$ cat entry_21.tsv   # TSV, C-alpha atoms and all ligand atoms
chain	number	residue	atom	x	y	z
A	1	MET	CA	-7.91	13.28	7.95
A	2	ILE	CA	-6.24	10.12	6.66
A	3	ALA	CA	-8.44	8.49	4.03
A	4	ALA	CA	-8.66	4.80	3.11
A	5	ASN	CA	-7.24	5.57	-0.33
A	6	GLU	CA	-6.69	8.53	-2.61
A	7	GLY	CA	-10.06	8.21	-4.37
A	8	ALA	CA	-11.77	8.18	-0.99
A	9	ALA	CA	-9.84	11.34	-0.10
A	10	VAL	CA	-11.31	13.01	-3.18
A	11	GLY	CA	-14.74	11.93	-1.95
A	12	ILE	CA	-14.17	13.51	1.47
A	13	ALA	CA	-12.91	16.72	-0.13
A	14	ALA	CA	-15.95	16.81	-2.43
A	15	GLY	CA	-18.27	16.36	0.53
A	16	HIS	CA	-16.42	19.10	2.39
A	17	TYR	CA	-16.98	21.45	-0.57
A	18	LEU	CA	-20.67	20.54	-0.80
A	19	ALA	CA	-21.17	21.31	2.88
A	20	SER	CA	-18.94	24.37	3.24
A	21	GLY	CA	-18.50	25.91	-0.21
A	22	ARG	CA	-14.72	25.76	0.32
A	23	PRO	CA	-12.41	23.52	-1.72
A	24	GLY	CA	-10.78	20.67	0.17
A	25	LEU	CA	-7.08	19.87	-0.02
A	26	VAL	CA	-6.04	16.34	-0.95
A	27	TYR	CA	-2.44	15.42	-0.17
A	28	LEU	CA	-1.09	12.29	-1.82
A	29	GLN	CA	1.97	10.66	-3.31
A	30	ASN	CA	1.77	10.42	-7.11
A	31	SER	CA	1.52	6.60	-6.73
A	32	GLY	CA	-2.07	7.23	-5.69
A	33	ILE	CA	-3.22	9.25	-8.71
A	34	GLY	CA	-4.64	6.06	-10.20
A	35	ASN	CA	-6.93	5.56	-7.22
A	36	ALA	CA	-8.16	9.14	-7.64
A	37	VAL	CA	-8.78	9.02	-11.41
A	38	ASN	CA	-12.36	7.79	-11.17
A	39	PRO	CA	-13.71	10.52	-8.86
A	40	ILE	CA	-11.59	13.15	-10.64
A	41	CYS	CA	-13.26	12.24	-13.96
A	42	SER	CA	-16.78	11.43	-12.87
A	43	LEU	CA	-17.30	13.61	-9.80
A	44	LEU	CA	-15.00	16.66	-9.78
A	45	ASN	CA	-14.76	17.44	-13.48
A	46	ASP	CA	-16.69	20.47	-14.65
A	47	ALA	CA	-18.51	18.36	-17.24
A	48	VAL	CA	-20.08	16.66	-14.20
A	49	TYR	CA	-20.41	18.58	-10.88
A	50	GLY	CA	-17.51	21.01	-11.20
A	51	ILE	CA	-16.26	20.52	-7.65
A	52	PRO	CA	-12.87	22.18	-7.01
A	53	VAL	CA	-10.13	20.41	-5.08
A	54	LEU	CA	-6.57	21.52	-4.39
A	55	PHE	CA	-4.21	18.58	-4.80
A	56	VAL	CA	-0.75	18.54	-3.27
A	57	ILE	CA	1.12	15.67	-4.87
A	58	GLY	CA	4.52	14.32	-3.86
A	59	TRP	CA	6.52	13.62	-7.03
A	60	ARG	CA	8.29	10.28	-6.72
A	61	GLY	CA	10.20	9.19	-9.80
A	62	GLN	CA	10.62	12.69	-11.24
A	63	PRO	CA	12.56	12.31	-14.48
A	64	GLY	CA	16.26	12.83	-13.80
A	65	VAL	CA	15.95	12.01	-10.08
A	66	HIS	CA	16.93	8.45	-9.14
A	67	ASP	CA	14.09	6.45	-7.60
A	68	GLU	CA	12.88	2.88	-7.14
A	69	PRO	CA	11.49	0.99	-10.20
A	70	GLN	CA	7.84	1.25	-9.12
A	71	HIS	CA	8.11	5.05	-9.22
A	72	VAL	CA	9.85	5.49	-12.57
A	73	PHE	CA	6.91	5.26	-14.99
A	74	GLN	CA	4.47	6.91	-12.59
A	75	GLY	CA	6.95	9.76	-12.20
A	76	GLU	CA	7.30	10.13	-15.94
A	77	VAL	CA	3.55	10.34	-16.58
A	78	THR	CA	2.59	12.46	-13.58
A	79	LEU	CA	2.37	15.86	-15.33
A	80	PRO	CA	0.87	14.54	-18.62
A	81	LEU	CA	-1.66	12.48	-16.65
A	82	LEU	CA	-2.82	15.48	-14.63
A	83	ASP	CA	-3.04	17.46	-17.85
A	84	VAL	CA	-5.26	14.79	-19.46
A	85	LEU	CA	-7.38	14.79	-16.30
A	86	GLY	CA	-8.00	18.53	-16.73
A	87	ILE	CA	-6.04	19.53	-13.64
A	88	GLU	CA	-3.75	22.53	-13.95
A	89	THR	CA	-0.43	22.01	-12.22
A	90	VAL	CA	2.29	24.13	-10.68
A	91	VAL	CA	5.54	22.38	-9.82
A	92	LEU	CA	6.98	23.33	-6.43
A	93	GLY	CA	10.73	23.01	-6.17
A	94	LYS	CA	13.37	24.17	-3.76
A	95	GLU	CA	13.82	27.27	-5.93
A	96	THR	CA	10.14	28.27	-6.05
A	97	THR	CA	9.82	31.84	-4.76
A	98	GLU	CA	7.11	33.39	-2.56
A	99	GLU	CA	6.01	35.47	-5.55
A	100	GLU	CA	5.61	32.40	-7.75
A	101	LEU	CA	3.63	30.73	-5.01
A	102	ALA	CA	1.38	33.75	-4.59
A	103	ALA	CA	0.80	33.87	-8.37
A	104	ALA	CA	-0.10	30.16	-8.33
A	105	PHE	CA	-2.65	30.72	-5.57
A	106	ASP	CA	-4.21	33.58	-7.54
A	107	ARG	CA	-4.46	31.40	-10.62
A	108	PHE	CA	-5.88	28.49	-8.59
A	109	ALA	CA	-8.46	30.75	-6.93
A	110	ALA	CA	-9.77	31.67	-10.40
A	111	LEU	CA	-9.92	27.99	-11.35
A	112	PHE	CA	-11.75	27.06	-8.15
A	113	ALA	CA	-14.32	29.80	-8.80
A	114	ALA	CA	-14.96	28.10	-12.17
A	115	GLY	CA	-15.40	24.67	-10.52
A	116	ARG	CA	-12.00	23.42	-11.66
A	117	SER	CA	-9.33	21.61	-9.64
A	118	ALA	CA	-5.60	22.34	-9.50
A	119	ALA	CA	-2.46	20.67	-8.21
A	120	PHE	CA	0.87	21.54	-6.70
A	121	VAL	CA	3.29	18.84	-7.77
A	122	VAL	CA	6.02	18.82	-5.15
A	123	GLU	CA	9.59	17.89	-6.01
A	124	LYS	CA	11.67	15.88	-3.57
A	125	GLY	CA	13.00	18.10	-0.78
A	126	ALA	CA	10.90	21.13	-1.79
A	127	LEU	CA	8.94	21.26	1.46
A	128	ALA	CA	11.06	22.12	4.48
A	129	GLY	CA	10.56	20.39	7.80
A	130	GLY	CA	8.37	17.37	7.42
A	131	LEU	CA	6.29	15.38	9.84
A	132	THR	CA	7.29	15.94	13.42
A	133	GLY	CA	4.98	13.46	15.17
A	134	GLU	CA	6.48	10.40	16.86
A	135	TYR	CA	4.30	7.39	16.30
A	136	ALA	CA	4.44	4.33	18.54
A	137	ASN	CA	2.35	1.59	20.13
A	138	THR	CA	3.10	-1.00	22.81
A	139	HIS	CA	3.18	-4.18	20.70
A	140	PRO	CA	6.38	-6.14	21.39
A	141	LEU	CA	7.06	-7.66	17.94
A	142	SER	CA	8.59	-5.62	15.12
A	143	ARG	CA	7.39	-6.21	11.56
A	144	GLU	CA	10.83	-7.53	10.69
A	145	GLN	CA	10.70	-10.09	13.53
A	146	ILE	CA	7.27	-11.17	12.30
A	147	VAL	CA	8.55	-11.55	8.71
A	148	ASN	CA	11.57	-13.56	9.89
A	149	THR	CA	9.43	-15.83	12.07
A	150	ILE	CA	7.06	-16.51	9.18
A	151	VAL	CA	9.91	-17.16	6.73
A	152	ASP	CA	11.33	-19.72	9.18
A	153	ALA	CA	7.93	-21.41	9.37
A	154	THR	CA	7.48	-21.76	5.62
A	155	ARG	CA	8.17	-24.83	3.50
A	156	PRO	CA	10.28	-24.77	0.33
A	157	ASP	CA	7.19	-25.13	-1.90
A	158	ASP	CA	5.32	-22.23	-0.29
A	159	ILE	CA	4.60	-19.09	-2.24
A	160	ILE	CA	4.72	-15.68	-0.56
A	161	VAL	CA	3.14	-12.51	-1.90
A	162	SER	CA	4.25	-9.50	0.13
A	163	THR	CA	2.75	-6.04	0.34
A	164	THR	CA	4.04	-2.63	-0.73
A	165	GLY	CA	6.55	-0.86	1.49
A	166	LYS	CA	9.21	-1.96	3.92
A	167	LEU	CA	7.69	-5.40	4.57
A	168	SER	CA	8.81	-6.53	1.11
A	169	ARG	CA	12.27	-5.09	1.75
A	170	GLU	CA	12.45	-7.00	5.04
A	171	LEU	CA	11.36	-10.20	3.30
A	172	PHE	CA	14.08	-9.68	0.69
A	173	GLU	CA	16.69	-9.25	3.42
A	174	ALA	CA	15.37	-12.28	5.33
A	175	ARG	CA	16.01	-14.42	2.23
A	176	GLU	CA	19.44	-12.88	1.71
A	177	ALA	CA	20.39	-13.61	5.33
A	178	ARG	CA	19.36	-17.26	4.87
A	179	GLY	CA	20.96	-17.61	1.43
A	180	GLN	CA	17.61	-18.88	0.14
A	181	GLY	CA	17.14	-16.99	-3.11
A	182	HIS	CA	14.02	-14.97	-3.85
A	183	GLY	CA	12.05	-17.16	-6.25
A	184	ALA	CA	9.38	-18.07	-3.68
A	185	ASP	CA	8.46	-14.43	-3.11
A	186	PHE	CA	6.48	-12.00	-5.22
A	187	LEU	CA	7.32	-8.55	-3.88
A	188	THR	CA	4.41	-6.22	-4.65
A	189	VAL	CA	6.63	-3.14	-4.78
A	190	GLY	CA	3.85	-0.89	-6.14
A	191	SER	CA	0.09	-1.49	-6.43
A	192	MET	CA	-0.58	-0.92	-2.76
A	193	GLY	CA	-3.54	-2.92	-1.48
A	194	HIS	CA	-3.54	-5.52	-4.24
A	195	SER	CA	-1.20	-8.22	-2.92
A	196	SER	CA	-4.09	-10.34	-1.64
A	197	MET	CA	-5.71	-10.27	-5.10
A	198	ILE	CA	-2.41	-11.18	-6.79
A	199	ALA	CA	-2.25	-14.09	-4.34
A	200	LEU	CA	-5.84	-15.07	-5.10
A	201	GLY	CA	-5.04	-15.18	-8.82
A	202	ILE	CA	-2.04	-17.38	-8.11
A	203	ALA	CA	-3.94	-19.64	-5.72
A	204	LEU	CA	-6.71	-20.24	-8.24
A	205	ASP	CA	-4.17	-21.32	-10.86
A	206	ALA	CA	-1.89	-23.28	-8.52
A	207	PRO	CA	-4.27	-25.38	-6.44
A	208	GLY	CA	-2.66	-27.42	-3.70
A	209	ARG	CA	0.14	-24.89	-3.22
A	210	ARG	CA	0.21	-22.88	-0.01
A	211	VAL	CA	0.14	-19.18	-0.81
A	212	LEU	CA	0.91	-16.77	2.02
A	213	VAL	CA	0.03	-13.11	1.69
A	214	LEU	CA	2.01	-10.81	3.96
A	215	ASP	CA	-0.17	-7.71	4.03
A	216	GLY	CA	-0.22	-4.38	5.87
A	217	ASP	CA	-3.12	-2.80	7.73
A	218	GLY	CA	-2.93	0.34	5.57
A	219	ALA	CA	-2.94	-1.79	2.42
A	220	VAL	CA	-5.95	-3.79	3.61
A	221	VAL	CA	-7.86	-0.65	4.50
A	222	MET	CA	-7.06	0.78	1.06
A	223	HIS	CA	-9.02	-1.96	-0.73
A	224	THR	CA	-10.94	-3.84	1.95
A	225	GLY	CA	-13.59	-5.05	-0.49
A	226	SER	CA	-11.03	-7.43	-1.94
A	227	LEU	CA	-11.15	-9.47	1.26
A	228	ALA	CA	-14.84	-10.12	0.72
A	229	VAL	CA	-14.05	-11.50	-2.73
A	230	LEU	CA	-11.21	-13.55	-1.29
A	231	GLY	CA	-13.47	-14.99	1.41
A	232	ALA	CA	-16.17	-15.81	-1.13
A	233	SER	CA	-13.65	-17.39	-3.55
A	234	ALA	CA	-12.42	-19.58	-0.67
A	235	PRO	CA	-8.95	-20.54	-1.95
A	236	ALA	CA	-8.29	-23.55	0.28
A	237	ASP	CA	-4.54	-23.07	0.70
A	238	LEU	CA	-4.30	-19.32	1.03
A	239	VAL	CA	-3.05	-17.82	4.30
A	240	HIS	CA	-3.64	-14.09	4.63
A	241	VAL	CA	-1.41	-12.49	7.26
A	242	VAL	CA	-2.00	-8.85	8.12
A	243	VAL	CA	0.86	-7.23	10.00
A	244	ASN	CA	-1.07	-4.61	11.93
A	245	ASN	CA	1.17	-1.81	13.20
A	246	GLU	CA	-1.77	0.62	13.06
A	247	ALA	CA	0.31	2.87	10.81
A	248	HIS	CA	1.59	3.60	7.33
A	249	GLU	CA	5.03	2.90	8.73
A	250	SER	CA	6.84	2.71	5.40
A	251	VAL	CA	6.07	6.33	4.55
A	252	GLY	CA	6.40	8.06	7.90
A	253	GLY	CA	4.20	6.21	10.39
A	254	MET	CA	0.99	8.18	9.97
A	255	PRO	CA	-1.84	6.32	11.71
A	256	THR	CA	-4.31	4.08	9.91
A	257	VAL	CA	-7.64	3.08	11.39
A	258	GLY	CA	-5.87	-0.17	12.36
A	259	THR	CA	-6.55	0.47	16.04
A	260	THR	CA	-10.30	0.71	15.58
A	261	ILE	CA	-10.79	-2.28	13.28
A	262	ASP	CA	-11.53	-5.68	14.75
A	263	PHE	CA	-9.60	-7.53	12.02
A	264	PRO	CA	-10.56	-11.05	13.16
A	265	ALA	CA	-14.27	-10.13	13.24
A	266	MET	CA	-13.90	-8.52	9.82
A	267	ALA	CA	-12.25	-11.63	8.36
A	268	ARG	CA	-14.96	-13.86	9.82
A	269	ALA	CA	-17.63	-11.61	8.33
A	270	PHE	CA	-15.92	-11.88	4.95
A	271	GLY	CA	-16.07	-15.67	5.11
A	272	TYR	CA	-12.55	-16.76	6.10
A	273	PRO	CA	-13.28	-20.02	7.92
A	274	HIS	CA	-10.18	-19.91	10.17
A	275	VAL	CA	-9.18	-16.69	11.87
A	276	PHE	CA	-6.37	-15.96	14.34
A	277	SER	CA	-4.78	-13.00	16.06
A	278	ALA	CA	-1.32	-12.91	17.63
A	279	ALA	CA	0.21	-10.13	19.68
A	280	ASP	CA	3.57	-11.58	20.78
A	281	ALA	CA	6.18	-14.20	19.83
A	282	ASP	CA	4.56	-17.07	21.75
A	283	GLU	CA	1.15	-16.40	20.26
A	284	LEU	CA	2.61	-16.12	16.77
A	285	ALA	CA	4.46	-19.44	17.16
A	286	ALA	CA	1.25	-21.09	18.37
A	287	VAL	CA	-0.77	-19.69	15.47
A	288	LEU	CA	1.82	-20.80	12.89
A	289	GLY	CA	1.62	-24.30	14.40
A	290	GLU	CA	-2.18	-24.26	14.09
A	291	ILE	CA	-2.03	-23.10	10.48
A	292	ASP	CA	0.16	-26.05	9.57
A	293	LYS	CA	-2.69	-28.35	10.56
A	294	LEU	CA	-5.15	-26.54	8.31
A	295	ALA	CA	-3.75	-27.52	4.91
A	296	GLY	CA	-6.53	-27.47	2.32
A	297	ARG	CA	-9.07	-25.98	4.74
A	298	GLY	CA	-8.51	-22.27	4.22
A	299	PRO	CA	-8.52	-19.47	3.51
A	300	VAL	CA	-6.91	-18.66	6.81
A	301	PHE	CA	-6.65	-15.15	8.21
A	302	VAL	CA	-4.03	-14.06	10.75
A	303	GLU	CA	-3.65	-10.64	12.31
A	304	VAL	CA	-0.24	-10.08	13.89
A	305	LYS	CA	0.11	-6.96	15.99
A	306	SER	CA	3.33	-5.11	15.38
A	307	SER	CA	5.29	-2.18	16.72
A	308	ILE	CA	5.91	0.84	14.47
A	309	GLY	CA	9.42	1.08	13.12
A	310	ALA	CA	12.14	-0.36	10.94
A	311	ARG	CA	15.89	-0.73	10.94
A	312	PRO	CA	17.52	2.49	9.72
A	313	ASP	CA	19.90	0.46	7.54
A	314	LEU	CA	17.15	-1.62	5.90
A	315	GLY	CA	18.21	-2.25	2.30
A	316	ARG	CA	16.23	-2.39	-0.92
A	317	PRO	CA	15.88	-5.35	-3.28
A	318	THR	CA	19.04	-5.70	-5.34
A	319	THR	CA	17.21	-7.61	-8.07
A	320	THR	CA	14.83	-5.89	-10.48
A	321	PRO	CA	11.05	-6.48	-10.49
A	322	GLU	CA	11.46	-8.17	-13.87
A	323	GLU	CA	14.02	-10.60	-12.39
A	324	ASN	CA	11.71	-11.15	-9.42
A	325	LYS	CA	8.85	-12.01	-11.79
A	326	ARG	CA	10.92	-14.49	-13.80
A	327	ALA	CA	12.37	-16.31	-10.77
A	328	PHE	CA	8.94	-16.39	-9.15
A	329	MET	CA	7.25	-17.88	-12.21
A	330	VAL	CA	9.92	-20.59	-12.37
A	331	HIS	CA	9.33	-21.38	-8.68
A	332	VAL	CA	5.56	-21.62	-9.15
A	333	ALA	CA	5.87	-23.73	-12.32
A	334	GLU	CA	8.49	-26.10	-10.85
A	335	ALA	CA	6.52	-26.82	-7.75
A	336	ARG	CA	3.37	-27.28	-9.84
A	337	GLY	CA	5.12	-29.98	-11.81
A	338	ARG	CA	6.08	-31.93	-8.66
B	1	LIG	C1	-1.80	3.81	-4.14
B	1	LIG	C2	-0.65	4.13	-3.28
B	1	LIG	N1	-0.79	5.07	-2.33
B	1	LIG	C3	0.25	5.39	-1.50
B	1	LIG	C4	1.44	4.74	-1.63
B	1	LIG	C5	2.62	5.09	-0.75
B	1	LIG	N2	2.84	4.04	0.24
B	1	LIG	C6	3.78	3.08	0.10
B	1	LIG	S1	3.84	2.02	1.39
B	1	LIG	C7	2.63	2.87	2.20
B	1	LIG	C8	2.18	2.50	3.59
B	1	LIG	C9	1.65	1.12	3.69
B	1	LIG	O1	1.05	0.98	4.96
B	1	LIG	P1	0.77	-0.45	5.57
B	1	LIG	O2	0.12	-1.30	4.57
B	1	LIG	O3	0.04	-0.27	6.86
B	1	LIG	O4	2.22	-1.05	5.80
B	1	LIG	P2	3.43	-0.52	6.72
B	1	LIG	O5	4.16	0.48	5.90
B	1	LIG	O6	2.86	0.04	7.99
B	1	LIG	O7	4.23	-1.76	6.96
B	1	LIG	C10	2.17	3.95	1.44
B	1	LIG	C11	1.10	4.88	1.86
B	1	LIG	C12	1.54	3.76	-2.64
B	1	LIG	N3	2.66	3.08	-2.84
B	1	LIG	N4	0.50	3.49	-3.43
$ encode --input "entry_21.tsv" --output "structure tokens" --more "lines below"
Ligand SMILES: Cc1ncc(C[n+]2csc(CCOP(=O)(O)OP(=O)(O)O)c2C)c(N)n1
Amino acid sequence: MIAANEGAAVGIAAGHYLASGRPGLVYLQNSGIGNAVNPICSLLNDAVYGIPVLFVIGWRGQPGVHDEPQHVFQGEVTLPLLDVLGIETVVLGKETTEEELAAAFDRFAALFAAGRSAAFVVEKGALAGGLTGEYANTHPLSREQIVNTIVDATRPDDIIVSTTGKLSRELFEAREARGQGHGADFLTVGSMGHSSMIALGIALDAPGRRVLVLDGDGAVVMHTGSLAVLGASAPADLVHVVVNNEAHESVGGMPTVGTTIDFPAMARAFGYPHVFSAADADELAAVLGEIDKLAGRGPVFVEVKSSIGARPDLGRPTTTPEENKRAFMVHVAEARGR
């Protein structure tokens, strides 16, 4: 079962234990430990209910293994963090033997019997195989085409906040291809699900500036409550675009509940006064034209349906997050002074 976020997964596993007496297994990337901290401390811990869960945690940013900047610190603190959270860990690597694995399961079984949780922390490449499913839908536009179309429809003063995953990489490449520089874009390389709130913070402090959020369906599902706050805050020049490919494409394409959500109805319910949905290039062009006429009357919500996939040779930002922050702050300040 694919949860809305890692804390929600802990909730499902806890419910499973309460109903069956058997510990649930929660599989996550270490980026999501933060989302799980609250239910680990105040639900699972044996000072509270003592509900056992087996965590299987992918270790991005393991010290000594090169990884992207958003994984470096999280990778460094993964084992100490789990220790502080009272979760015993066993690291699984390519060299882990069957005997070591069996011993770990014995140890974990004893912990579970005592209402404690435990984690396998999985090094890169330790699990053979991988996901075999092929994920696809019938939407004609790729996420990269959508990003390029939106970039071409923006004005020099516009601010873009883009979501975690390949969308931000595609935005970076779109700017490179146009020789435009990257100052207008805040690439939310980590902090999945928070780009719309970063944009809200910017919009409240930079009134009159158009702020576009380029979000993902998985990211929106992860922290949907934020959209209610955005709708209620009513930033007049914020345009919230959700590229809905019905999948966590950036990390393997596993499905989200993007197919079952009526995003336009949701946005209306959350108080966005102008709501659109586009499923192909013509519809997207028409919607972007409409949005131009709505200056100062937002927030505007746009769902754009997207196929699942990315270019195999898609690059990564060649500037650091720190450089991105500095250039972005200059862009926001300069345009504010105009
Ligand atoms: C809290 C957290 N959990 C998991 C991840 C790993 N992760 C990075 S991108 C991504 C998928 C994002 O899905 P979506 O927003 O639908 O965008 P798509 O990749 O489909 O463009 C995931 C799960 C993360 N970075 N942070």
$ residues_around --input "entry_21.tsv" --residues "Leu200 in chain A" --least-positions-apart "3" --cutoff "8 Å" --atoms "all atoms listed in the file" --output "PyMOL selection string"
chain A and resi 196-197+203-204+230+235+238
$ axis_aligned_box --input "entry_21.tsv" --around "range 119-129 of chain A" --padding-each-side "3 Å" --output "JSON"
{"center_x": 5.3, "center_y": 19.0, "center_z": -0.2, "size_x": 21.5, "size_y": 12.2, "size_z": 22.0}
$ atom_distance --input "entry_21.tsv" --atom1 "CA of Leu18 in chain A" --atom2 "CA of Ala113 in chain A"
13.8 Å
$ residues_around --input "entry_21.tsv" --residues "Leu212 in chain A" --least-positions-apart "2" --cutoff "8 Å" --atoms "all atoms listed in the file" --output "PyMOL selection string"
chain A and resi 158-161+199+210+214+238-241
$ closest_atom_pairs --input "entry_21.tsv" --of "range 191-309 of chain A" --to "range 56-75 of chain A" --cutoff "12 Å" --atoms "only C-alpha atoms" --output "CSV"
residue,atom,partner,partner_atom,distance
A:Ser191,CA,A:Gln70,CA,8.6
A:Met192,CA,A:Gln70,CA,10.8
A:Val251,CA,A:Gly58,CA,11.7
$ residues_near_ligand --input "entry_21.tsv" --ligand "ligand LIG 1 (chain B)" --cutoff "7 Å" --atoms "all atoms listed in the file" --output "PyMOL selection string"
chain A and resi 5-6+29+31-32+35+163-167+190-192+215-220+244-251+253+256
$ closest_residue --input "entry_21.tsv" --among "A:Val257, A:Ala118, A:Ile12, A:Ala102" --to "Ile87 in chain A" --atoms "all atoms listed in the file"
A:Ala118
$ closest_atom_pairs --input "entry_21.tsv" --of "range 101-181 of chain A" --to "range 269-287 of chain A" --cutoff "7 Å" --atoms "all atoms listed in the file" --output "Markdown table"
| residue | atom | partner | partner_atom | distance |
| --- | --- | --- | --- | --- |
| A:His139 | CA | A:Ala279 | CA | 6.7 |
| A:Pro140 | CA | A:Asp280 | CA | 6.2 |
| A:Leu141 | CA | A:Asp280 | CA | 6.0 |
$ residues_around --input "entry_21.tsv" --residues "range 37-41 of chain A" --least-positions-apart "3" --cutoff "8 Å" --atoms "all atoms listed in the file" --output "PDB file with C-alpha atoms, in the frame of the given file"
ATOM      1  CA  GLY A   7     -10.060   8.210  -4.370  1.00  0.00           C
ATOM      2  CA  VAL A  10     -11.310  13.010  -3.180  1.00  0.00           C
ATOM      3  CA  GLY A  11     -14.740  11.930  -1.950  1.00  0.00           C
ATOM      4  CA  ILE A  33      -3.220   9.250  -8.710  1.00  0.00           C
ATOM      5  CA  GLY A  34      -4.640   6.060 -10.200  1.00  0.00           C
ATOM      6  CA  LEU A  44     -15.000  16.660  -9.780  1.00  0.00           C
ATOM      7  CA  ASN A  45     -14.760  17.440 -13.480  1.00  0.00           C
ATOM      8  CA  LEU A  85      -7.380  14.790 -16.300  1.00  0.00           C
TER       9      LEU A  85
END
$ atom_distance --input "entry_21.tsv" --atom1 "CA of Lys305 in chain A" --atom2 "CA of Ile261 in chain A"
12.2 Å
$ atom_distance --input "entry_21.tsv" --atom1 "CA of Leu171 in chain A" --atom2 "CA of Ala184 in chain A"
10.7 Å
$ residues_around --input "entry_21.tsv" --residues "Ala9 in chain A" --least-positions-apart "6" --cutoff "9 Å" --atoms "only C-alpha atoms" --output "list of chain:residue names"
A:Met1, A:Ile2, A:Ala3, A:Leu25, A:Val26, A:Tyr27, A:Leu28, A:Ala36
$ closest_residue --input "entry_21.tsv" --among "A:Val91, A:Met254, A:Val302, A:Val121" --to "Met266 in chain A" --atoms "all atoms listed in the file"
A:Val302
$ residues_near_point --input "entry_21.tsv" --point "(-9.4, -28.1, 5.6)" --cutoff "12 Å" --atoms "only C-alpha atoms" --output "ChimeraX atom specification"
/A:208,234-238,272-274,290-300
$ closest_residue --input "entry_21.tsv" --among "A:Lys94, A:His182, A:Arg22, A:Arg175" --to "Arg326 in chain A" --atoms "only C-alpha atoms"
A:His182
$ residues_near_point --input "entry_21.tsv" --point "(16.3, -16.2, 1.9)" --cutoff "12 Å" --atoms "all atoms listed in the file" --output "VMD selection string"
chain A and resid 147 to 148 150 to 152 154 to 156 160 169 to 185
$ closest_residue --input "entry_21.tsv" --among "A:Ser20, A:Asn30, A:Ser162, A:Ser168" --to "Arg316 in chain A" --atoms "all atoms listed in the file"
A:Ser168
$ closest_residue --input "entry_21.tsv" --among "A:Ala110, A:Ile308, A:Gly93, A:Asn324" --to "Leu127 in chain A" --atoms "all atoms listed in the file"
A:Gly93
$ build_atoms --input "entry_21.tsv" --residues "range 274-289 of chain A" --atoms "N, CA and C atoms" --output "short mmCIF file (atom, residue, chain, number, x, y, z; two decimals), keeping the file's coordinate frame"
data_model
loop_
_atom_site.label_atom_id
_atom_site.label_comp_id
_atom_site.auth_asym_id
_atom_site.auth_seq_id
_atom_site.Cartn_x
_atom_site.Cartn_y
_atom_site.Cartn_z
N HIS A 274 -11.09 -19.80 9.02
CA HIS A 274 -10.18 -19.91 10.17
C HIS A 274 -9.51 -18.57 10.39
N VAL A 275 -9.64 -18.05 11.59
CA VAL A 275 -9.18 -16.69 11.87
C VAL A 275 -8.38 -16.68 13.18
N PHE A 276 -7.23 -16.03 13.15
CA PHE A 276 -6.37 -15.96 14.34
C PHE A 276 -5.88 -14.53 14.54
N SER A 277 -5.47 -14.26 15.79
CA SER A 277 -4.78 -13.00 16.06
C SER A 277 -3.64 -13.29 17.01
N ALA A 278 -2.48 -12.69 16.76
CA ALA A 278 -1.32 -12.91 17.63
C ALA A 278 -0.72 -11.57 17.98
N ALA A 279 -0.31 -11.44 19.25
CA ALA A 279 0.21 -10.13 19.68
C ALA A 279 1.65 -10.23 20.19
N ASP A 280 2.18 -11.46 20.35
CA ASP A 280 3.57 -11.58 20.78
C ASP A 280 4.18 -12.85 20.18
N ALA A 281 5.45 -13.10 20.49
CA ALA A 281 6.18 -14.20 19.83
C ALA A 281 5.55 -15.56 20.14
N ASP A 282 5.15 -15.76 21.39
CA ASP A 282 4.56 -17.07 21.75
C ASP A 282 3.25 -17.29 21.00
N GLU A 283 2.43 -16.26 20.95
CA GLU A 283 1.15 -16.40 20.26
C GLU A 283 1.37 -16.63 18.76
N LEU A 284 2.35 -15.94 18.21
CA LEU A 284 2.61 -16.12 16.77
C LEU A 284 3.08 -17.55 16.49
N ALA A 285 3.97 -18.06 17.34
CA ALA A 285 4.46 -19.44 17.16
C ALA A 285 3.29 -20.42 17.24
N ALA A 286 2.40 -20.19 18.21
CA ALA A 286 1.25 -21.09 18.37
C ALA A 286 0.36 -21.04 17.14
N VAL A 287 0.11 -19.85 16.64
CA VAL A 287 -0.77 -19.69 15.47
C VAL A 287 -0.14 -20.36 14.25
N LEU A 288 1.16 -20.18 14.06
CA LEU A 288 1.82 -20.80 12.89
C LEU A 288 1.72 -22.33 12.98
N GLY A 289 1.80 -22.85 14.20
CA GLY A 289 1.62 -24.30 14.40
C GLY A 289 0.22 -24.74 14.01
#
